[in-house]
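Coordinates from run_2.tsv are shown below (TSV, C-alpha atoms).
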```tsv
chain	number	residue	atom	x	y	z
A	1	ALA	CA	-11.57	12.62	1.84
A	2	ALA	CA	-14.36	14.09	-0.24
A	3	MET	CA	-12.83	12.60	-3.38
A	4	ALA	CA	-13.02	9.11	-1.88
A	5	LEU	CA	-16.72	9.62	-1.20
A	6	GLY	CA	-17.02	10.88	-4.75
A	7	ALA	CA	-15.45	7.66	-5.99
A	8	CYS	CA	-18.13	5.72	-4.09
A	9	GLY	CA	-20.91	7.87	-5.47
A	10	ASP	CA	-23.15	6.84	-2.56
A	11	ALA	CA	-25.09	9.81	-1.17
A	12	ALA	CA	-26.34	7.80	1.82
A	13	LEU	CA	-22.75	6.95	2.74
A	14	ALA	CA	-21.69	10.59	2.33
A	15	GLU	CA	-24.52	11.67	4.62
A	16	ALA	CA	-23.59	9.07	7.24
A	17	VAL	CA	-19.95	10.18	7.15
A	18	GLY	CA	-21.00	13.82	7.51
A	19	GLU	CA	-23.08	12.95	10.55
A	20	ALA	CA	-20.22	10.96	12.09
A	21	VAL	CA	-17.84	13.88	11.56
A	22	GLY	CA	-20.43	16.15	13.15
A	23	ARG	CA	-20.68	13.91	16.21
A	24	ALA	CA	-16.91	13.94	16.63
A	25	VAL	CA	-16.73	17.72	16.23
A	26	LYS	CA	-19.60	18.21	18.67
A	27	SER	CA	-17.95	15.95	21.26
A	28	LEU	CA	-14.93	18.27	21.27
A	29	GLY	CA	-17.13	21.26	22.06
A	30	PHE	CA	-17.16	22.87	18.61
A	31	ASN	CA	-20.32	24.10	16.93
A	32	TRP	CA	-18.99	25.10	13.49
A	33	ASP	CA	-17.12	23.12	10.84
A	34	PHE	CA	-15.65	24.94	7.83
A	35	ALA	CA	-16.80	22.21	5.44
A	36	PRO	CA	-17.81	20.86	2.98
A	37	VAL	CA	-15.87	22.04	-0.07
A	38	LEU	CA	-18.20	22.84	-2.99
A	39	ASP	CA	-15.40	23.52	-5.46
A	40	VAL	CA	-15.74	21.57	-8.70
A	41	ASN	CA	-12.44	19.77	-9.30
A	42	ASN	CA	-12.44	20.24	-13.07
A	43	ASN	CA	-8.71	21.07	-13.26
A	44	PRO	CA	-6.42	18.10	-12.46
A	45	ALA	CA	-3.47	20.51	-12.16
A	46	ASN	CA	-5.11	22.40	-9.30
A	47	PRO	CA	-2.43	22.55	-6.59
A	48	VAL	CA	-4.69	22.90	-3.56
A	49	ILE	CA	-8.20	21.42	-4.08
A	50	ALA	CA	-7.71	17.89	-5.46
A	51	GLU	CA	-8.94	15.37	-2.85
A	52	ARG	CA	-10.93	18.06	-1.03
A	53	SER	CA	-13.51	18.11	-3.84
A	54	PHE	CA	-16.27	15.56	-4.33
A	55	SER	CA	-16.17	15.53	-8.12
A	56	GLU	CA	-15.34	17.21	-11.42
A	57	ASP	CA	-19.08	17.18	-12.16
A	58	PRO	CA	-21.02	20.07	-10.56
A	59	ALA	CA	-24.16	17.95	-10.22
A	60	GLU	CA	-22.23	15.27	-8.32
A	61	VAL	CA	-20.62	17.88	-6.07
A	62	THR	CA	-24.09	19.22	-5.30
A	63	ARG	CA	-25.54	15.77	-4.61
A	64	LEU	CA	-22.73	14.40	-2.44
A	65	ALA	CA	-21.65	17.58	-0.65
A	66	GLY	CA	-25.30	18.33	0.05
A	67	ALA	CA	-25.74	14.88	1.57
A	68	TRP	CA	-22.58	15.26	3.68
A	69	MET	CA	-23.75	18.66	4.90
A	70	ARG	CA	-27.20	17.40	5.85
A	71	GLY	CA	-25.58	14.69	7.95
A	72	ALA	CA	-23.34	17.17	9.78
A	73	LEU	CA	-26.23	19.56	10.36
A	74	ARG	CA	-28.32	16.74	11.81
A	75	ALA	CA	-25.52	16.14	14.32
A	76	GLY	CA	-25.95	19.74	15.49
A	77	VAL	CA	-22.90	21.31	13.85
A	78	ALA	CA	-23.10	24.33	11.56
A	79	CYS	CA	-21.46	23.92	8.17
A	80	CYS	CA	-19.63	26.47	6.06
A	81	VAL	CA	-19.48	25.68	2.35
A	82	LYS	CA	-16.45	26.95	0.45
A	83	HIS	CA	-14.77	28.56	-1.50
A	84	PHE	CA	-17.40	30.82	-3.07
A	85	PRO	CA	-17.74	31.31	-5.99
A	86	GLY	CA	-15.39	28.40	-6.83
A	87	HIS	CA	-11.73	27.43	-6.45
A	88	GLY	CA	-11.65	24.33	-8.65
A	89	ASP	CA	-10.19	25.68	-11.88
A	90	THR	CA	-6.99	27.36	-10.70
A	91	HIS	CA	-3.31	26.68	-11.37
A	92	VAL	CA	-2.29	28.80	-8.37
A	93	ASP	CA	-2.67	28.07	-4.66
A	94	SER	CA	-4.21	31.14	-3.01
A	95	HIS	CA	-2.19	30.39	0.11
A	96	ARG	CA	0.83	31.41	-1.95
A	97	ASP	CA	-0.40	33.86	-4.61
A	98	LEU	CA	-3.51	35.44	-6.12
A	99	PRO	CA	-5.25	33.21	-8.70
A	100	ILE	CA	-7.22	34.63	-11.61
A	101	VAL	CA	-10.06	32.64	-13.15
A	102	ASP	CA	-10.83	34.42	-16.41
A	103	LYS	CA	-13.79	32.51	-17.78
A	104	PRO	CA	-16.99	33.69	-19.50
A	105	LEU	CA	-19.89	34.29	-17.13
A	106	ALA	CA	-21.94	31.59	-18.86
A	107	GLU	CA	-19.23	29.04	-18.10
A	108	LEU	CA	-19.05	30.10	-14.44
A	109	GLN	CA	-22.83	29.77	-14.20
A	110	ALA	CA	-22.76	26.30	-15.74
A	111	LEU	CA	-19.93	24.98	-13.59
A	112	GLU	CA	-18.43	26.83	-10.60
A	113	PHE	CA	-21.66	28.47	-9.40
A	114	VAL	CA	-23.86	25.36	-9.58
A	115	PRO	CA	-23.25	23.75	-6.15
A	116	PHE	CA	-23.22	27.08	-4.29
A	117	HIS	CA	-26.45	28.23	-5.92
A	118	ALA	CA	-28.19	24.89	-5.45
A	119	LEU	CA	-27.28	24.53	-1.76
A	120	ARG	CA	-27.49	28.18	-0.69
A	121	ALA	CA	-30.80	27.71	1.15
A	122	GLU	CA	-29.36	24.86	3.26
A	123	ALA	CA	-25.91	26.27	4.00
A	124	PRO	CA	-25.73	28.22	7.28
A	125	ALA	CA	-22.49	29.88	6.13
A	126	MET	CA	-20.27	30.40	3.09
A	127	MET	CA	-16.54	31.04	2.94
A	128	THR	CA	-15.14	33.31	0.25
A	129	ALA	CA	-12.37	32.62	-2.26
A	130	HIS	CA	-9.27	34.80	-2.60
A	131	ILE	CA	-9.57	34.72	-6.39
A	132	VAL	CA	-10.12	37.38	-9.05
A	133	TYR	CA	-12.92	36.59	-11.51
A	134	PRO	CA	-12.58	39.32	-14.18
A	135	GLN	CA	-16.08	38.68	-15.55
A	136	LEU	CA	-17.51	39.47	-12.10
A	137	ASP	CA	-15.05	42.08	-10.84
A	138	PRO	CA	-11.77	42.73	-12.68
A	139	GLU	CA	-10.30	44.76	-9.81
A	140	HIS	CA	-10.92	42.81	-6.61
A	141	PRO	CA	-10.70	39.20	-5.42
A	142	ALA	CA	-14.08	37.78	-4.43
A	143	THR	CA	-13.30	38.16	-0.71
A	144	LEU	CA	-13.04	41.94	-1.12
A	145	SER	CA	-15.56	42.45	-3.91
A	146	ARG	CA	-18.87	44.24	-3.37
A	147	LYS	CA	-19.93	43.03	-6.81
A	148	VAL	CA	-19.39	39.39	-5.87
A	149	LEU	CA	-20.50	39.32	-2.21
A	150	GLY	CA	-23.07	42.10	-2.34
A	151	GLY	CA	-24.26	42.10	-5.92
A	152	LEU	CA	-24.17	38.39	-6.75
A	153	LEU	CA	-24.45	36.47	-3.48
A	154	ARG	CA	-26.66	38.77	-1.40
A	155	ASP	CA	-28.74	40.61	-3.99
A	156	ALA	CA	-29.03	38.29	-6.99
A	157	TRP	CA	-29.08	34.99	-5.08
A	158	GLY	CA	-30.79	36.27	-1.94
A	159	TYR	CA	-28.35	34.54	0.41
A	160	ASP	CA	-28.85	35.61	4.03
A	161	GLY	CA	-26.55	33.19	5.85
A	162	VAL	CA	-23.20	34.07	7.38
A	163	VAL	CA	-20.41	35.01	4.98
A	164	ILE	CA	-16.89	34.53	6.34
A	165	THR	CA	-13.62	35.17	4.57
A	166	ASP	CA	-10.91	32.62	4.06
A	167	SER	CA	-7.79	33.34	6.11
A	168	LEU	CA	-6.43	36.85	5.70
A	169	VAL	CA	-2.86	35.61	6.24
A	170	MET	CA	-2.95	33.81	2.90
A	171	LYS	CA	-0.55	35.51	0.51
A	172	ALA	CA	-3.25	36.20	-2.09
A	173	ILE	CA	-4.65	38.81	0.32
A	174	HIS	CA	-1.95	39.52	2.91
A	175	ASP	CA	0.82	40.43	0.48
A	176	ARG	CA	-1.36	42.80	-1.54
A	177	TYR	CA	-3.68	44.45	0.94
A	178	GLY	CA	-2.30	43.87	4.41
A	179	HIS	CA	-4.14	42.35	7.33
A	180	ASP	CA	-5.83	45.51	8.60
A	181	ARG	CA	-6.95	46.98	5.29
A	182	ALA	CA	-8.22	43.61	4.03
A	183	ALA	CA	-10.38	43.14	7.13
A	184	VAL	CA	-12.17	46.43	6.50
A	185	LEU	CA	-12.52	45.87	2.75
A	186	ALA	CA	-14.03	42.42	3.31
A	187	LEU	CA	-16.67	43.74	5.72
A	188	GLN	CA	-17.45	46.60	3.36
A	189	ALA	CA	-17.84	44.11	0.52
A	190	GLY	CA	-20.46	42.09	2.40
A	191	ALA	CA	-18.65	39.62	4.65
A	192	ASP	CA	-20.06	39.22	8.17
A	193	MET	CA	-16.87	37.89	9.72
A	194	VAL	CA	-13.18	37.91	8.84
A	195	MET	CA	-10.86	35.01	9.54
A	196	ALA	CA	-8.02	37.08	10.92
A	197	LEU	CA	-5.57	34.43	12.15
A	198	GLY	CA	-1.94	35.58	12.00
A	199	THR	CA	0.06	36.87	14.94
A	200	GLN	CA	-1.47	38.66	17.89
A	201	ASP	CA	-0.17	41.97	16.52
A	202	GLU	CA	-1.78	41.28	13.14
A	203	GLN	CA	-5.09	40.39	14.74
A	204	LEU	CA	-5.02	43.52	16.90
A	205	ALA	CA	-4.22	45.59	13.80
A	206	ALA	CA	-7.30	44.16	12.08
A	207	ILE	CA	-9.49	44.88	15.11
A	208	ARG	CA	-8.26	48.47	15.37
A	209	ALA	CA	-8.72	49.05	11.65
A	210	ILE	CA	-12.33	47.86	11.93
A	211	GLN	CA	-12.90	50.11	14.95
A	212	ARG	CA	-11.49	53.12	13.07
A	213	ALA	CA	-13.65	52.37	10.04
A	214	GLN	CA	-16.70	52.11	12.28
A	215	ALA	CA	-15.90	55.38	14.04
A	216	SER	CA	-15.34	57.22	10.75
A	217	GLY	CA	-18.46	55.86	9.14
A	218	ASP	CA	-16.57	53.87	6.50
A	219	LEU	CA	-18.28	50.83	7.99
A	220	GLY	CA	-21.93	51.71	8.40
A	221	ALA	CA	-23.85	50.83	11.54
A	222	GLU	CA	-26.63	49.14	9.55
A	223	LYS	CA	-24.20	46.82	7.76
A	224	LEU	CA	-22.53	45.83	11.04
A	225	ALA	CA	-25.89	45.30	12.73
A	226	LYS	CA	-26.96	42.90	9.97
A	227	ALA	CA	-23.67	41.03	10.25
A	228	ASN	CA	-24.05	40.68	14.02
A	229	ALA	CA	-27.64	39.51	13.60
A	230	ARG	CA	-26.60	36.76	11.20
A	231	LEU	CA	-23.84	35.60	13.54
A	232	ASP	CA	-26.21	35.65	16.52
A	233	ARG	CA	-28.73	33.61	14.56
A	234	LEU	CA	-26.13	30.98	13.68
A	235	ALA	CA	-24.91	30.79	17.29
A	236	ALA	CA	-28.46	30.39	18.59
A	237	ARG	CA	-29.29	27.64	16.10
A	238	TYR	CA	-26.03	25.76	16.73
A	239	PRO	CA	-25.09	26.45	20.36
A	240	VAL	CA	-21.73	25.46	21.81
A	241	ARG	CA	-22.62	22.46	23.93
A	242	HIS	CA	-20.39	19.54	24.74
A	243	ALA	CA	-21.97	16.27	23.65
A	244	ASP	CA	-20.75	12.98	25.09
A	245	TYR	CA	-19.36	10.57	22.51
A	246	ALA	CA	-20.52	7.19	23.73
A	247	PRO	CA	-17.87	4.48	23.23
A	248	ALA	CA	-20.31	2.27	21.35
A	249	GLN	CA	-21.17	5.11	18.96
A	250	HIS	CA	-17.49	5.94	18.56
A	251	GLU	CA	-16.82	2.33	17.59
A	252	ARG	CA	-19.67	2.36	15.07
A	253	ASP	CA	-18.35	5.57	13.54
A	254	ASP	CA	-14.84	4.11	13.27
A	255	ASP	CA	-16.30	1.11	11.47
A	256	LEU	CA	-18.21	3.45	9.15
A	257	MET	CA	-15.02	5.32	8.27
A	258	HIS	CA	-13.24	2.06	7.47
A	259	ARG	CA	-16.13	1.00	5.23
A	260	ALA	CA	-16.10	4.38	3.47
A	261	TRP	CA	-12.34	4.10	2.99
A	262	ALA	CA	-12.66	0.63	1.47
A	263	ALA	CA	-15.53	1.68	-0.78
A	264	GLY	CA	-13.44	4.54	-2.14
A	265	LEU	CA	-10.53	2.36	-3.24
A	266	THR	CA	-10.16	2.58	-7.00
A	267	THR	CA	-7.98	0.61	-9.40
A	268	ARG	CA	-6.74	1.67	-12.80
A	269	GLY	CA	-5.36	-0.83	-15.24
A	270	THR	CA	-4.34	-4.33	-14.22
A	271	ALA	CA	-2.25	-4.45	-11.07
A	272	PRO	CA	0.22	-7.29	-10.53
A	273	VAL	CA	-0.75	-9.85	-7.93
A	274	LEU	CA	1.79	-9.50	-5.14
A	275	ARG	CA	2.95	-12.70	-3.48
A	276	ARG	CA	4.77	-12.96	-0.19
A	277	ASP	CA	7.85	-14.32	-1.96
A	278	HIS	CA	8.06	-11.36	-4.33
A	279	ARG	CA	11.15	-9.19	-4.10
A	280	LEU	CA	10.05	-5.56	-3.96
A	281	ARG	CA	11.68	-2.18	-4.31
A	282	VAL	CA	9.45	0.49	-2.77
A	283	PHE	CA	9.92	4.21	-3.43
A	284	THR	CA	8.26	6.75	-1.18
A	285	GLN	CA	8.76	10.18	0.32
A	286	ARG	CA	10.39	10.18	3.76
A	287	ALA	CA	8.19	12.85	5.35
A	288	VAL	CA	5.15	14.84	4.25
A	289	PRO	CA	4.53	17.58	6.81
A	290	SER	CA	1.23	19.40	7.10
A	291	ASP	CA	1.00	22.24	4.61
A	292	GLY	CA	-1.57	24.29	6.50
A	293	VAL	CA	-4.35	22.99	4.25
A	294	SER	CA	-4.24	19.24	4.80
A	295	GLU	CA	-2.90	16.97	7.49
A	296	ALA	CA	0.56	15.46	7.26
A	297	GLY	CA	0.89	12.58	4.83
A	298	LEU	CA	1.78	9.03	5.80
A	299	PRO	CA	5.54	9.08	6.58
A	300	GLY	CA	7.95	6.68	4.95
A	301	VAL	CA	8.40	4.59	8.09
A	302	GLN	CA	4.66	3.79	8.10
A	303	VAL	CA	4.68	3.10	4.37
A	304	ALA	CA	7.41	0.52	5.07
A	305	GLU	CA	5.12	-1.21	7.58
A	306	LEU	CA	2.59	-1.85	4.79
A	307	PHE	CA	5.10	-4.18	3.15
A	308	GLY	CA	6.43	-5.84	6.29
A	309	GLY	CA	5.12	-9.29	5.39
A	310	PHE	CA	7.08	-9.66	2.16
A	311	ALA	CA	10.24	-11.74	2.01
A	312	SER	CA	12.50	-9.04	0.60
A	313	VAL	CA	11.77	-5.31	0.48
A	314	ASP	CA	14.26	-2.67	-0.56
A	315	MET	CA	12.85	0.60	0.84
A	316	VAL	CA	14.00	3.77	-0.94
A	317	GLU	CA	12.97	6.83	1.09
A	318	LEU	CA	13.53	10.18	-0.58
A	319	ASP	CA	13.26	13.76	0.63
A	320	ALA	CA	11.08	14.41	-2.42
A	321	LEU	CA	9.86	11.84	-4.91
A	322	ALA	CA	9.98	14.54	-7.58
A	323	GLU	CA	13.78	14.45	-7.30
A	324	LEU	CA	13.97	10.79	-8.27
A	325	ASP	CA	15.87	10.12	-11.50
A	326	TRP	CA	13.51	7.56	-12.97
A	327	SER	CA	16.00	6.53	-15.65
A	328	THR	CA	18.41	5.13	-13.05
A	329	ILE	CA	16.02	2.62	-11.49
A	330	PRO	CA	17.50	-0.89	-11.86
A	331	ARG	CA	15.75	-3.55	-13.90
A	332	ASP	CA	16.95	-6.47	-11.81
A	333	GLY	CA	13.89	-8.62	-11.29
A	334	ARG	CA	12.50	-6.77	-8.30
A	335	LEU	CA	8.98	-5.39	-8.61
A	336	ASN	CA	9.21	-1.61	-8.49
A	337	VAL	CA	6.46	-0.07	-6.36
A	338	VAL	CA	5.89	3.67	-6.01
A	339	VAL	CA	3.88	4.80	-2.98
A	340	SER	CA	2.96	8.46	-3.36
A	341	ASN	CA	2.05	9.95	0.00
A	342	HIS	CA	1.76	13.62	-0.98
A	343	ARG	CA	-0.33	15.96	-3.13
A	344	ASP	CA	2.28	17.15	-5.65
A	345	ARG	CA	2.19	15.92	-9.24
A	346	TYR	CA	5.21	14.26	-10.82
A	347	ASP	CA	6.98	16.10	-13.61
A	348	THR	CA	7.15	15.01	-17.24
A	349	ARG	CA	10.21	12.80	-16.63
A	350	ALA	CA	8.05	10.39	-14.67
A	351	LYS	CA	5.75	9.79	-17.63
A	352	ALA	CA	8.54	8.01	-19.50
A	353	TRP	CA	8.67	5.28	-16.85
A	354	ARG	CA	5.96	3.40	-15.04
A	355	ALA	CA	6.36	1.39	-11.88
A	356	ASP	CA	5.03	-2.15	-11.77
A	357	LEU	CA	2.59	-0.90	-9.15
A	358	HIS	CA	1.70	2.64	-8.12
A	359	VAL	CA	-0.08	2.98	-4.78
A	360	VAL	CA	-1.58	6.46	-4.54
A	361	LEU	CA	-2.32	7.48	-0.96
A	362	TRP	CA	-3.16	11.11	-1.66
A	363	ASN	CA	-3.60	12.74	-5.07
A	364	PRO	CA	-4.93	10.14	-7.56
A	365	TYR	CA	-4.13	12.42	-10.48
A	366	GLN	CA	-0.53	11.30	-10.01
A	367	ALA	CA	-1.54	7.99	-11.53
A	368	LEU	CA	-2.91	9.51	-14.74
```
What would the structure in this file look like if it were written as structure tokens?
Amino acid sequence: AAMALGACGDAALAEAVGEAVGRAVKSLGFNWDFAPVLDVNNNPANPVIAERSFSEDPAEVTRLAGAWMRGALRAGVACCVKHFPGHGDTHVDSHRDLPIVDKPLAELQALEFVPFHALRAEAPAMMTAHIVYPQLDPEHPATLSRKVLGGLLRDAWGYDGVVITDSLVMKAIHDRYGHDRAAVLALQAGADMVMALGTQDEQLAAIRAIQRAQASGDLGAEKLAKANARLDRLAARYPVRHADYAPAQHERDDDLMHRAWAAGLTTRGTAPVLRRDHRLRVFTQRAVPSDGVSEAGLPGVQVAELFGGFASVDMVELDALAELDWSTIPRDGRLNVVVSNHRDRYDTRAKAWRADLHVVLWNPYQAL
């Protein structure tokens, strides 16, 4: 994860990982990766960014994400930085509702904008955020805002790469504007491409709405020609060509990923030294399905395998760790170990009790 690379702080490692990811993507026949995330993770309560961000420091995000992107580009894969102009300081997941980031312009310029502005000349594409920034446009989310995409990104910053929307099926957009209307509004605002997704009927509705807007003149021919030219330029620079993934290179990349994983391990406080004769009680969540943003978390059965060498392990698998009544946990000499394998934060009840050891496999803010 980007956050693990941020914990390392090693730009050369981030660049090597980006190149390895690019090789893997290229070997599957893809020419475009919607990464890296340039959001500054300055809000620990953010429900959707968390481990996807490189840092809470905009300069570190710029340094490490820029290195990762240069590696991927060198592998021949186009990158798409996201989520412009910044999704780090939200309490709402735009997959579920429309966030509002009401901050002074000076604060946005000093924080959220920094990585996007600094890397704009290197980024072949940018993805928009379904967020309202009242200081930029009080009426429209960035994805649908001429002031944000046209006025700020294109005119003020001079960005001439591809602009693509985030998914139009996300509730922040879909529930307020509808698939078809949102597609037209995004192109009018300055996007070159809409991420339609959804059902076949929804995608066809978006296509027909764009065709009607083009026929009526609501979408001008010049704007569409510029959008097509940008997309053609990206496709020509990063053609779709299958690249063989030599077994020896694959093995080296696997080793690199293991080294990056190990380098990102972080400890907080003094952890107990576990011995094989220790009696453990391990709490974890039974299943963590994919949420449409991240992959599925490590299931409870695999968590159990991590402790297979201990003499006595009492595994407690729960449907949701948040439902655990912390006050009922026995104090019977067993070491209590919590293994959090999901993104969600624990509620205030958990702060009154600490496990002997907390192994955080996803969102490290759970340990704070």
| Nearest to A:Val92, chosen from A:Lys171, A:Ala67, A:Val21, A:Ala72, with all atoms listed in the file counted in the distances | A:Lys171
| Atom pair atom CA of A:Ala172 / atom CA of A:Glu107: separation (Å) |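 Straight-line distance from atom CA of A:Ala172 to atom CA of A:Glu107 works out to 23.7 Å.
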| field | Between atom CA of A:Arg286 and atom CA of A:His358 - distance in Å to one decimal | value | 16.5 Å
| query | Got a sec: who's within 12 Å of A:Val148, counting only C-alpha atoms, leaving out chain neighbours fewer than 2 positions off, as an MDAnalysis selection string? | reply | chainID A and resid 84:86 113 128:146 150:157 159 163 186 188:191
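A straight line drawn from atom CA of A:Ala20 to atom CA of A:Gln302 is 26.2 Å long.
Shortest atom-to-atom contact with A:Val316 among A:Ala24, A:Leu111, A:Val303, A:Ala236: A:Val303, counting only C-alpha atoms.
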| query | So which residues fall inside 6 Å of (4.9, 6.1, -3.8) if we count only C-alpha atoms? Mind giving them as an MDAnalysis selection string? | reply | chainID A and resid 283:284 338:340 359
Just the selected residues (C-alpha atoms), exported as a compact mmCIF listing (two decimals), in the coordinates of the input, please.
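part_11.txt, freshly written:
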```
# COMPACT_ATOMS: atom_id res chain seq x y z
CA PHE A 283 9.92 4.21 -3.43
CA THR A 284 8.26 6.75 -1.18
CA VAL A 338 5.89 3.67 -6.01
CA VAL A 339 3.88 4.80 -2.98
CA SER A 340 2.96 8.46 -3.36
CA VAL A 359 -0.08 2.98 -4.78
```
| message | Just want the 10 Å neighbourhood of A:Ala12, counted on only C-alpha atoms, with same-chain residues fewer than 3 positions away dropped. Output as a list of chain:residue names. | response | A:Gly9, A:Glu15, A:Ala16, A:Val17, A:Gly18, A:Leu64, A:Ala67, A:Trp68, A:Gly71
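In terms of minimum interatomic distance to A:Leu318, A:Gln285 ranks closest within A:Gly297, A:Gln285, A:Ser216, A:Arg343, counting all atoms listed in the file.
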| field | Shell of 10 Å around A:Ala287, only C-alpha atoms, local chain residues under 6 positions omitted, as a VMD selection string | value | chain A and resid 296 to 301 317 to 320 341 to 342
| Near-A:Arg181 list (9 Å; all atoms listed in the file; drop same-chain fewer than 4 positions) as number ranges by chain | A: 177, 185-186, 206, 209-210
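Of the residues under consideration (A:Lys147, A:His95, A:Arg120, A:Arg241), A:Arg241 shows the shortest atom-to-atom contact distance to A:Val25 when counting all atoms listed in the file.
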| query | If you count all atoms listed in the file, which residues fall within 10 Å of A:Trp32, apart from same-chain ones fewer than 5 positions away, as a PyMOL selection string? | reply | chain A and resi 22+25-26+72-73+76-80+124-125+234-235+238-240
| query | Please, which residues are within 12 Å of (-13.7, 50.4, 11.1) by the file's coordinates, counting all atoms listed in the file, and could they come as a list in words? | reply |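 I get Asp180, Arg181, Ala182, Ala183, Val184, Leu185, Ala186, Leu187, Gln188, Ala205, Ala206, Ile207, Arg208, Ala209, Ile210, Gln211, Arg212, Ala213, Gln214, Ala215, Ser216, Gly217, Asp218, Leu219, Gly220, Ala221, Lys223 and Leu224 of chain A for the residues within 12 Å of that point.
Considering the residues A:Val282, A:Leu108, A:Leu168, A:Ala322 and counting only C-alpha atoms, A:Glu305 has its shortest atom-to-atom contact with A:Val282.
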